[in-house]
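The next block holds one structure in the form of structure tokens; read it before the comments.
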Amino acid sequence: MKVVVTVPTYNEIENIERLIGEILAQDERVEVLVADDNSPDGTWKRVAELGESNPRVHLLHRTTDRGRGRAGRDAYAWALEQGADLAFEMDADFSHHPRYLPAMIAALEGGADVVLGSRQVPGGKDIGRTWLRRWLTNASNLYVRIVLGLPVGDCNSGYRGFRRSALEAIDAGHAFSPGPAIVHELLYKASRRKLKMVEIPIEFVDREEGTSTLTFSTLLRSYVTILRLRWMGLTGKLFEATE
Ligand SMILES: Nc1nc2c(ncn2[C@@H]2O[C@H](COP(=O)(O)OP(=O)(O)OP(=O)(O)O)[C@@H](O)[C@H]2O)c(=O)[nH]1
Ligand SMILES: [Mg+2]
């Protein structure tokens, strides 16, 4: 069985090497794909070097069309092309710890189509964030859950895994969200396809190294995108749109 763990990166030089090491240590079937947008700090160079000596490490070096969503889309397309049976996505900043991967893999092997690393199920936690950031996360989570009618607790989780059939059912390789809203787009599509979703509790730890790419305008834009997603779902356009 082939398991691909994809990691979108932008300026994650402080995290990437240790992260890759810890991901690979979780399960010998795992391969890593880093989808880097030509990070000025040279994250992609480090990954390329690691890939030279380790065939389980792969780099998707993107030089145009920068974006968290674009990188995610291309990473899923790559995983499908390479024949992955299971594909995961996680952040590079250790907010999503690799130690949860075995339980997430087991959930997919046990029959789930989609698995989420979740802060919003018993045992899940949000650590090291300011109350304001936690409040923002909770409020935005509630908003997304209500507007899109999602059957899960943690709608904002970017830590997730899919069976191949699920990725195909939602056509993840052609996701249209350019930015972080790809997280919601794919979840909404999965729910519209009635895929079986399972949440695994995680302790979400705030970024310690590197800098955040989250800005207020990105946040606002993603609220509008949620409404757009809902509109597309209502008008039957959700699965027609690509880019
Ligand atoms: N390829 C690519 N990856 C990105 C881009 N923006 C962010 N990322 C990566 O996406 C993941 C999530 O981004 P974060 O900066 O951690 O966003 P966040 O978790 O909302 O905010 P902080 O943890 O506070 O920084 C990280 O692995 C980033 O390196 C981008 O434009 N292109
Ligand atoms: Mg982060």
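Ordered as shown in the structure tokens, chains take letters A, B, and onward, while each chain numbers its residues from 1 and ligands are numbered from 1 in the order shown.
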- [ ] Using DSSP on the backbone coordinates, identify the residues of range 85-201 of chain A assigned to alpha helix (DSSP H); present them as a PyMOL selection string.
- [x] chain A and resi 101-109+131-148+164-169+182-192
Task: 9 Å contact set for Gly233 in chain A, only C-alpha atoms, chain neighbours under 6 positions out, as a PyMOL selection string - done: chain A and resi 148+188-189+192+239
For C-alpha atoms, I'd like the residues from the last selection saved as a short mmCIF file (atom, residue, chain, number, x, y, z; two decimals), in the first residue's frame.
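After the write, part_14.cif holds the following:
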data_model
loop_
_atom_site.label_atom_id
_atom_site.label_comp_id
_atom_site.auth_asym_id
_atom_site.auth_seq_id
_atom_site.Cartn_x
_atom_site.Cartn_y
_atom_site.Cartn_z
CA LEU A 148 -22.00 24.45 4.64
CA TYR A 188 -17.75 20.37 1.48
CA LYS A 189 -17.32 18.30 -1.67
CA ARG A 192 -21.89 16.43 -0.81
CA PHE A 239 -18.44 19.90 -9.20
#
TODO: Give the residues close to ligand 2, within 8 Å, counting only C-alpha atoms and all ligand atoms; write them as a ChimeraX atom specification.
DONE: /A:91-95,206-207,212
Write out the residues from the selection above, keeping C-alpha atoms, as a compact mmCIF listing (two decimals), in the first residue's frame.
# COMPACT_ATOMS: atom_id res chain seq x y z
CA ASP A 91 0.95 21.83 7.81
CA ALA A 92 4.72 22.08 8.12
CA ASP A 93 4.81 24.04 11.38
CA PHE A 94 4.19 21.13 13.81
CA SER A 95 0.68 22.36 14.59
CA ASP A 206 0.51 26.80 17.78
CA ARG A 207 3.45 27.41 15.46
CA SER A 212 2.66 32.94 9.83
Open item on the list: To check your reading of the model: which residues sit at most 7 Å from ligand 1 when counting only C-alpha atoms and all ligand atoms? Write the answer as a PyMOL selection string.
Closed with: chain A and resi 7-12+35-37+66-68+71+90-93+95+206-207+211-214
TODO: Compare A:Asp74, A:Gly158, A:Asp126, A:Leu24 by their minimum atom-to-atom distance to Pro178 in chain A, counting only C-alpha atoms, and give me the closest one.
DONE: A:Asp74
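Comparing the minimum interatomic distances between Leu186 in chain A and each of A:His97, A:Arg119, A:Arg73, A:Arg62, counting only C-alpha atoms, we find that A:Arg73 sits nearest.
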Open item on the list: For a test of reading the model, state the distance in Å between CA of Thr43 in chain A and CA of Glu14 in chain A, rounded to one decimal.
Closed with: 8.6 Å
- [ ] Mind the document's chain letters and residue numbers, and return as a ChimeraX atom specification the residues of range 25-214 of chain A that DSSP labels strand (DSSP E).
- [x] /A:30-36,57-61,86-89,114-118,125-127,160-163,197-201,203-205
Next, write the just-selected residues to a file, as a compact mmCIF listing (two decimals), in the first residue's frame, keeping N, CA and C atoms as the atom set.
# COMPACT_ATOMS: atom_id res chain seq x y z
N VAL A 30 5.01 5.10 4.30
CA VAL A 30 4.79 6.52 4.01
C VAL A 30 5.89 7.14 3.15
N GLU A 31 5.45 7.93 2.16
CA GLU A 31 6.36 8.80 1.41
C GLU A 31 5.89 10.23 1.61
N VAL A 32 6.81 11.18 1.52
CA VAL A 32 6.44 12.59 1.73
C VAL A 32 6.57 13.36 0.43
N LEU A 33 5.59 14.20 0.15
CA LEU A 33 5.71 15.15 -0.95
C LEU A 33 5.59 16.56 -0.38
N VAL A 34 6.63 17.35 -0.54
CA VAL A 34 6.58 18.75 -0.13
C VAL A 34 6.25 19.59 -1.36
N ALA A 35 5.15 20.35 -1.26
CA ALA A 35 4.75 21.22 -2.38
C ALA A 35 5.12 22.65 -1.99
N ASP A 36 6.27 23.08 -2.48
CA ASP A 36 6.83 24.38 -2.06
C ASP A 36 6.70 25.42 -3.17
N VAL A 57 11.44 10.77 -0.12
CA VAL A 57 11.22 12.22 -0.02
C VAL A 57 11.11 12.82 -1.43
N HIS A 58 10.01 13.53 -1.68
CA HIS A 58 9.78 14.12 -2.99
C HIS A 58 9.48 15.61 -2.88
N LEU A 59 9.85 16.31 -3.93
CA LEU A 59 9.62 17.76 -3.95
C LEU A 59 8.80 18.15 -5.17
N LEU A 60 7.79 18.95 -4.94
CA LEU A 60 7.08 19.60 -6.04
C LEU A 60 7.46 21.07 -5.92
N HIS A 61 8.33 21.50 -6.81
CA HIS A 61 8.83 22.87 -6.74
C HIS A 61 7.98 23.74 -7.66
N LEU A 86 -3.59 6.00 -0.24
CA LEU A 86 -4.05 6.96 0.75
C LEU A 86 -3.21 8.22 0.59
N ALA A 87 -3.84 9.38 0.72
CA ALA A 87 -3.07 10.63 0.66
C ALA A 87 -3.48 11.55 1.80
N PHE A 88 -2.47 12.12 2.42
CA PHE A 88 -2.68 13.02 3.56
C PHE A 88 -2.18 14.41 3.22
N GLU A 89 -2.65 15.35 4.03
CA GLU A 89 -2.15 16.72 3.92
C GLU A 89 -1.97 17.25 5.33
N VAL A 114 -12.65 9.66 4.57
CA VAL A 114 -11.92 10.88 4.91
C VAL A 114 -11.63 10.84 6.40
N VAL A 115 -10.42 11.22 6.80
CA VAL A 115 -10.12 11.31 8.23
C VAL A 115 -9.58 12.69 8.53
N LEU A 116 -10.04 13.27 9.64
CA LEU A 116 -9.59 14.60 10.03
C LEU A 116 -8.87 14.54 11.37
N GLY A 117 -7.78 15.25 11.49
CA GLY A 117 -7.17 15.48 12.79
C GLY A 117 -7.96 16.61 13.42
N SER A 118 -8.61 16.36 14.54
CA SER A 118 -9.63 17.29 15.03
C SER A 118 -9.38 17.80 16.44
N LYS A 125 -7.47 19.17 21.43
CA LYS A 125 -7.12 20.39 22.17
C LYS A 125 -6.48 21.43 21.27
N ASP A 126 -6.51 22.66 21.72
CA ASP A 126 -5.88 23.77 21.03
C ASP A 126 -4.86 24.35 22.01
N ILE A 127 -3.58 24.19 21.74
CA ILE A 127 -2.57 24.56 22.72
C ILE A 127 -1.72 25.74 22.26
N ARG A 160 -5.55 16.17 7.30
CA ARG A 160 -6.57 15.24 6.84
C ARG A 160 -6.02 14.19 5.90
N GLY A 161 -6.75 13.13 5.76
CA GLY A 161 -6.34 12.06 4.86
C GLY A 161 -7.55 11.55 4.09
N PHE A 162 -7.26 11.04 2.89
CA PHE A 162 -8.32 10.53 2.01
C PHE A 162 -7.92 9.18 1.44
N ARG A 163 -8.91 8.33 1.25
CA ARG A 163 -8.69 7.17 0.41
C ARG A 163 -8.63 7.65 -1.02
N MET A 197 -16.82 10.31 7.00
CA MET A 197 -15.75 11.10 7.62
C MET A 197 -15.59 10.71 9.08
N VAL A 198 -14.33 10.57 9.47
CA VAL A 198 -14.03 10.21 10.86
C VAL A 198 -13.06 11.24 11.42
N GLU A 199 -13.26 11.63 12.67
CA GLU A 199 -12.35 12.59 13.30
C GLU A 199 -11.50 11.91 14.37
N ILE A 200 -10.22 12.18 14.32
CA ILE A 200 -9.28 11.65 15.31
C ILE A 200 -8.84 12.84 16.18
N PRO A 201 -8.93 12.72 17.50
CA PRO A 201 -8.55 13.87 18.34
C PRO A 201 -7.06 14.19 18.23
N GLU A 203 -3.96 17.19 19.56
CA GLU A 203 -3.59 18.41 20.26
C GLU A 203 -2.96 19.31 19.22
N PHE A 204 -3.66 20.35 18.88
CA PHE A 204 -3.18 21.31 17.89
C PHE A 204 -2.29 22.31 18.62
N VAL A 205 -1.03 22.38 18.22
CA VAL A 205 -0.08 23.25 18.92
C VAL A 205 0.26 24.43 18.02
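Closest approach to Ala48 in chain A among A:Ala77, A:Ile16, A:Leu229, A:Cys155: A:Ile16, based on only C-alpha atoms.
The coordinates place CA of Ser165 in chain A at 11.6 Å from CA of Lys196 in chain A.
In this model, the gap between CA of Ile182 in chain A and CA of Val147 in chain A comes to 15.8 Å.
Take the candidates A:Ala139, A:Ala241, A:Val183, A:Leu101 and check each one against Asn156 in chain A using only C-alpha atoms; the shortest distance goes to A:Val183.
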Open item on the list: Give me the residues near Val144 in chain A as a ChimeraX atom specification, where near means some atom within 12 Å (using only C-alpha atoms) and where sequence neighbours in that chain fewer than 4 positions away do not count.
Closed with: /A:137-140,148-157,181,183-185,187-188,222-230
Residues near Gly173 in chain A, anyone? I mean within 9 Å using only C-alpha atoms, not counting same-chain ones fewer than 2 positions away, as an mmCIF file with C-alpha atoms, in the first residue's frame.
data_model
loop_
_atom_site.group_PDB
_atom_site.id
_atom_site.type_symbol
_atom_site.label_atom_id
_atom_site.label_comp_id
_atom_site.auth_asym_id
_atom_site.auth_seq_id
_atom_site.Cartn_x
_atom_site.Cartn_y
_atom_site.Cartn_z
ATOM 1 C CA GLY A 72 -2.612 21.518 -2.274
ATOM 2 C CA ARG A 73 -4.380 20.833 -5.547
ATOM 3 C CA ASP A 74 -1.121 19.998 -7.324
ATOM 4 C CA ALA A 75 0.012 17.821 -4.422
ATOM 5 C CA TYR A 76 -3.179 15.732 -4.569
ATOM 6 C CA ALA A 77 -2.868 15.465 -8.354
ATOM 7 C CA TRP A 78 0.697 14.248 -7.877
ATOM 8 C CA ALA A 79 -0.342 11.679 -5.278
ATOM 9 C CA LEU A 80 -3.045 10.302 -7.577
ATOM 10 C CA LEU A 167 -9.907 11.924 -3.800
ATOM 11 C CA GLU A 168 -11.290 10.791 -7.126
ATOM 12 C CA ILE A 170 -14.193 14.952 -5.157
ATOM 13 C CA ASP A 171 -11.663 15.470 -7.962
ATOM 14 C CA ALA A 175 -9.718 21.958 -6.712
#
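Compared by their closest atoms to Val5 in chain A, and using only C-alpha atoms, the residues A:Ile202, A:Met104, A:Ala169, A:Leu234 rank with A:Met104 nearest.
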